[in-house]
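Novice: The file below is coords_5.pdb, PDB, C-alpha atoms:
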```pdb
ATOM      1  CA  MET A   1       2.059 -19.279   9.977
ATOM      2  CA  LEU A   2       3.446 -17.029   7.232
ATOM      3  CA  TYR A   3       0.020 -16.840   5.610
ATOM      4  CA  ASP A   4      -1.502 -15.650   8.904
ATOM      5  CA  ILE A   5       1.088 -12.899   9.118
ATOM      6  CA  ILE A   6       0.833 -11.593   5.554
ATOM      7  CA  LYS A   7      -2.960 -11.453   5.643
ATOM      8  CA  SER A   8      -3.157  -9.482   8.913
ATOM      9  CA  SER A   9      -4.032  -5.805   8.869
ATOM     10  CA  SER A  10      -1.202  -5.004  11.305
ATOM     11  CA  PHE A  11       1.289  -6.471   8.826
ATOM     12  CA  ALA A  12      -0.370  -4.464   6.037
ATOM     13  CA  ARG A  13       0.114  -1.296   8.124
ATOM     14  CA  LEU A  14       3.774  -2.239   8.559
ATOM     15  CA  MET A  15       4.205  -2.692   4.789
ATOM     16  CA  GLU A  16       2.370   0.573   4.079
ATOM     17  CA  ASN A  17       4.598   2.496   6.492
ATOM     18  CA  HIS A  18       7.674   0.850   5.032
ATOM     19  CA  VAL A  19       6.814   1.738   1.420
ATOM     20  CA  ARG A  20       5.946   5.309   2.490
ATOM     21  CA  ASP A  21       9.314   5.668   4.240
ATOM     22  CA  MET A  22      11.102   4.146   1.247
ATOM     23  CA  LEU A  23       9.438   6.530  -1.221
ATOM     24  CA  ILE A  24      10.134   9.565   0.957
ATOM     25  CA  TYR A  25      13.773   8.514   1.161
ATOM     26  CA  LEU A  26      13.962   8.179  -2.628
ATOM     27  CA  PHE A  27      12.320  11.595  -3.128
ATOM     28  CA  GLU A  28      14.706  13.236  -0.661
ATOM     29  CA  ASN A  29      17.689  11.685  -2.462
ATOM     30  CA  ASP A  30      16.446  12.513  -5.987
ATOM     31  CA  GLN A  31      16.505   8.828  -6.912
ATOM     32  CA  ASN A  32      14.322   7.792  -9.847
ATOM     33  CA  PHE A  33      12.450   4.535  -9.335
ATOM     34  CA  GLY A  34       9.784   2.276 -10.697
ATOM     35  CA  ILE A  35       6.721   0.883  -8.989
ATOM     36  CA  LEU A  36       5.059  -2.386  -9.861
ATOM     37  CA  CYS A  37       1.463  -2.098  -8.745
ATOM     38  CA  LYS A  38      -1.994  -3.647  -8.961
ATOM     39  CA  ILE A  39      -3.686  -1.676 -11.742
ATOM     40  CA  GLU A  40      -7.176  -2.407 -10.359
ATOM     41  CA  SER A  41      -6.435   0.010  -7.485
ATOM     42  CA  VAL A  42      -4.928   2.775  -9.635
ATOM     43  CA  THR A  43      -7.020   5.758 -10.715
ATOM     44  CA  PHE A  44      -6.406   8.248 -13.509
ATOM     45  CA  ASP A  45      -7.609  11.857 -13.571
ATOM     46  CA  PRO A  46      -8.694  12.564 -16.209
ATOM     47  CA  LEU A  47      -9.613   9.052 -17.245
ATOM     48  CA  LEU A  48      -7.525   7.631 -20.054
ATOM     49  CA  PRO A  49      -9.153   6.765 -23.385
ATOM     50  CA  LYS A  50     -10.273   3.145 -23.568
ATOM     51  CA  HIS A  51      -7.600   2.158 -26.100
ATOM     52  CA  LEU A  52      -4.907   3.216 -23.598
ATOM     53  CA  ALA A  53      -6.595   1.894 -20.459
ATOM     54  CA  ASP A  54      -7.029  -1.521 -22.084
ATOM     55  CA  GLU A  55      -3.249  -1.803 -22.555
ATOM     56  CA  PHE A  56      -2.507  -2.060 -18.829
ATOM     57  CA  ARG A  57      -1.893  -5.496 -17.329
ATOM     58  CA  ALA A  58      -3.052  -6.604 -13.869
ATOM     59  CA  MET A  59       0.445  -5.793 -12.578
ATOM     60  CA  THR A  60       1.759  -2.625 -14.209
ATOM     61  CA  LEU A  61       5.137  -0.944 -13.950
ATOM     62  CA  PHE A  62       5.347   2.849 -13.802
ATOM     63  CA  PHE A  63       8.771   4.453 -13.910
ATOM     64  CA  LEU A  64       9.092   7.801 -12.153
ATOM     65  CA  ALA A  65      11.748   9.968 -13.777
ATOM     66  CA  GLY A  66      11.959  13.492 -15.170
ATOM     67  CA  TYR A  67       8.727  15.461 -14.901
ATOM     68  CA  THR A  68       6.838  12.406 -13.619
ATOM     69  CA  PHE A  69       9.281  12.163 -10.711
ATOM     70  CA  GLU A  70       9.181  15.917 -10.095
ATOM     71  CA  SER A  71       5.370  15.900  -9.977
ATOM     72  CA  ALA A  72       5.188  12.963  -7.554
ATOM     73  CA  ARG A  73       3.979  13.325  -3.996
ATOM     74  CA  ILE A  74       2.454  11.249  -1.228
ATOM     75  CA  ASP A  75      -0.966  12.428  -0.094
ATOM     76  CA  ASN A  76      -2.380  10.462   2.848
ATOM     77  CA  ASP A  77      -1.856   6.837   1.804
ATOM     78  CA  VAL A  78      -1.646   7.466  -1.941
ATOM     79  CA  LEU A  79       1.267   8.109  -4.299
ATOM     80  CA  ILE A  80       0.206  10.694  -6.892
ATOM     81  CA  PHE A  81       2.131  11.677 -10.002
ATOM     82  CA  GLU A  82       1.462  13.114 -13.452
ATOM     83  CA  ALA A  83       2.398  11.103 -16.519
ATOM     84  CA  GLY A  84       1.820  11.095 -20.252
ATOM     85  CA  PHE A  85       0.427   8.009 -21.996
ATOM     86  CA  GLY A  86       0.430   6.709 -25.541
ATOM     87  CA  GLN A  87       1.806   8.278 -28.698
ATOM     88  CA  GLU A  88      -0.425  11.263 -28.034
ATOM     89  CA  ASN A  89       1.272  11.731 -24.626
ATOM     90  CA  ILE A  90      -2.121  12.176 -22.953
ATOM     91  CA  GLY A  91      -1.538  13.638 -19.503
ATOM     92  CA  SER A  92      -3.222  12.241 -16.432
ATOM     93  CA  PHE A  93      -2.718  12.333 -12.690
ATOM     94  CA  VAL A  94      -2.103   8.787 -11.507
ATOM     95  CA  SER A  95      -3.149   7.867  -7.947
ATOM     96  CA  VAL A  96      -1.675   4.673  -6.528
ATOM     97  CA  PRO A  97      -2.669   3.500  -3.027
ATOM     98  CA  LEU A  98       0.558   2.663  -1.194
ATOM     99  CA  LEU A  99      -0.667  -0.839  -0.377
ATOM    100  CA  SER A 100      -1.226  -1.612  -4.050
ATOM    101  CA  ILE A 101       2.507  -1.108  -4.676
ATOM    102  CA  VAL A 102       3.950  -4.607  -4.886
ATOM    103  CA  GLN A 103       7.558  -3.614  -5.623
ATOM    104  CA  VAL A 104       9.746  -0.536  -5.689
ATOM    105  CA  ILE A 105      12.465  -0.977  -8.292
ATOM    106  CA  ILE A 106      15.751   0.913  -8.515
ATOM    107  CA  ASP A 107      18.087   0.297 -11.461
ATOM    108  CA  ASP A 108      16.221  -2.881 -12.494
ATOM    109  CA  THR A 109      16.495  -4.319  -8.961
ATOM    110  CA  PRO A 110      13.605  -4.681  -6.500
ATOM    111  CA  ALA A 111      14.464  -2.590  -3.432
ATOM    112  CA  PHE A 112      11.120  -3.172  -1.701
ATOM    113  CA  VAL A 113       8.666  -6.057  -1.882
ATOM    114  CA  ASN A 114       5.196  -5.802  -0.339
ATOM    115  CA  LEU A 115       4.060  -9.211   0.918
ATOM    116  CA  ALA A 116       0.779  -8.028   2.469
ATOM    117  CA  LEU A 117      -2.289  -9.698   0.983
ATOM    118  CA  GLY A 118      -5.430  -7.837  -0.007
ATOM    119  CA  HIS A 119      -5.528  -4.923   2.387
ATOM    120  CA  GLU A 120      -6.464  -1.986   0.191
ATOM    121  CA  GLN A 121      -8.415  -0.637   3.145
ATOM    122  CA  ILE A 122      -6.672  -1.161   6.456
ATOM    123  CA  ALA A 123      -8.775  -1.664   9.555
ATOM    124  CA  PRO A 124      -8.285   0.944  12.285
ATOM    125  CA  ALA A 125      -5.109   0.412  14.289
ATOM    126  CA  ASN A 126      -6.895  -0.679  17.448
ATOM    127  CA  SER A 127      -9.396  -3.133  15.943
ATOM    128  CA  GLU A 128      -7.154  -6.224  16.155
ATOM    129  CA  LYS A 129      -5.857  -5.105  19.533
ATOM    130  CA  ASN A 130      -9.384  -4.733  20.931
ATOM    131  CA  GLU A 131     -10.405  -8.075  19.466
ATOM    132  CA  GLY A 132      -7.382  -9.687  21.149
ATOM    133  CA  VAL A 133      -8.273  -8.079  24.485
ATOM    134  CA  GLN A 134     -11.858  -9.366  24.195
ATOM    135  CA  ASN A 135     -10.655 -12.890  23.388
ATOM    136  CA  SER A 136      -8.170 -12.782  26.234
ATOM    137  CA  MET A 137     -10.824 -11.552  28.671
ATOM    138  CA  SER A 138     -13.243 -14.278  27.560
ATOM    139  CA  ALA A 139     -10.593 -16.927  28.114
ATOM    140  CA  PHE A 140      -9.775 -15.435  31.518
ATOM    141  CA  LEU A 141     -13.423 -15.341  32.631
ATOM    142  CA  SER A 142     -14.133 -18.872  31.404
ATOM    143  CA  ASN A 143     -12.028 -20.211  34.278
ATOM    144  CA  PRO A 144     -14.122 -20.125  37.494
ATOM    145  CA  GLU A 145     -10.952 -19.770  39.583
ATOM    146  CA  ASN A 146     -10.384 -16.316  38.069
ATOM    147  CA  GLN A 147     -13.661 -14.898  39.387
ATOM    148  CA  LYS A 148     -11.872 -13.885  42.590
ATOM    149  CA  PHE A 149      -9.793 -11.350  40.600
ATOM    150  CA  LEU A 150     -12.833  -9.369  39.437
ATOM    151  CA  LYS A 151     -13.671  -6.117  41.198
ATOM    152  CA  LYS A 152     -17.077  -6.089  42.807
TER     153      LYS A 152
END
```
Now that the file is in, can you turn its structure into structure tokens?

Specialist:
Amino acid sequence: MLYDIIKSSSFARLMENHVRDMLIYLFENDQNFGILCKIESVTFDPLLPKHLADEFRAMTLFFLAGYTFESARIDNDVLIFEAGFGQENIGSFVSVPLLSIVQVIIDDTPAFVNLALGHEQIAPANSEKNEGVQNSMSAFLSNPENQKFLKK
């Protein structure tokens, strides 16, 4: 049952809204934080040199403080911030889809955990609802006794 919940797009939307609200709250309260995220979904502009990009692990922690925190914003469903990398402090804008954020960490403690599985692109809000209506209607019409309820 839990697996069915965490793989659903409606649950992914719930997690995305929750992380958005959490980040907005932290921004409004000037609270520095870290994000643990899936690096495969993160983009850098400009691209980082290969020797730096190769250093990232599948799950990477970014800590937003100082200028990185000040530069951060949420644009649509993406957290964007500017950070410097490596000894050269190479600047890049980092774009992190909200659903690729696995944890939000405050003072070494996870304050948010995203349990949604694999929903980098969320289906439109009504798609599951419409599918449920279709399934319900099919079940309703499969019973011959229900034919009397149909408008003619």

Novice: May I ask which of the residues A:Thr68, A:Thr43, A:Asn114, A:Ser100 is the closest one to Phe27 (chain A), counting only C-alpha atoms?

Specialist: A:Thr68

Novice: The PyMOL selection byres ((chain A and resi 54-62) around 9) - which residues does that actually catch in the file I just gave you? List them as a list in words.

Specialist: Phe33, Gly34, Ile35, Leu36, Cys37, Lys38, Ile39, Glu40, Pro49, Lys50, His51, Leu52, Ala53, Phe63, Leu64 and Val102 of chain A

Novice: Expand the PyMOL selection byres ((chain A and resi 81-93) around 6) into the explicit residue set it covers here, and present it as a PyMOL selection string.

Specialist: chain A and resi 44-46+68+71-72+80+94

Novice: Identify which of the residues A:Asn17, A:Asn76, A:Asn32, A:Ser8 lies closest to Val104 (chain A), counting all atoms listed in the file when measuring atom-to-atom distances.

Specialist: A:Asn32

Novice: Starting from the shown file, work through the PyMOL selection byres ((chain A and resi 96) around 6) and note down what comes out as a count of residues only.

Specialist: 5

Novice: In terms of the shortest atom-to-atom distance over only C-alpha atoms, which of A:Asp75, A:Phe112, A:Asp107, A:Glu70 is closest to Glu28 (chain A)?

Specialist: A:Glu70

Novice: Would you mind telling me which residue in A:His18, A:Ser10, A:Leu2, A:Leu26 lies nearest to Ile106 (chain A) when using all atoms listed in the file?

Specialist: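 For Ile106 (chain A), the nearest of the given residues is A:Leu26.
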
Novice: I'd like the interatomic distance between CA of Asp77 (chain A) and CA of Leu115 (chain A), to a tenth of an Å.

Specialist: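 Separation of CA of Asp77 (chain A) and CA of Leu115 (chain A): 17.1 Å.
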
Novice: Measure the distance from CA of Asp30 (chain A) to CA of Leu48 (chain A) in Å and round it to one decimal.

Specialist: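 That distance, rounded to one decimal, is 28.2 Å.
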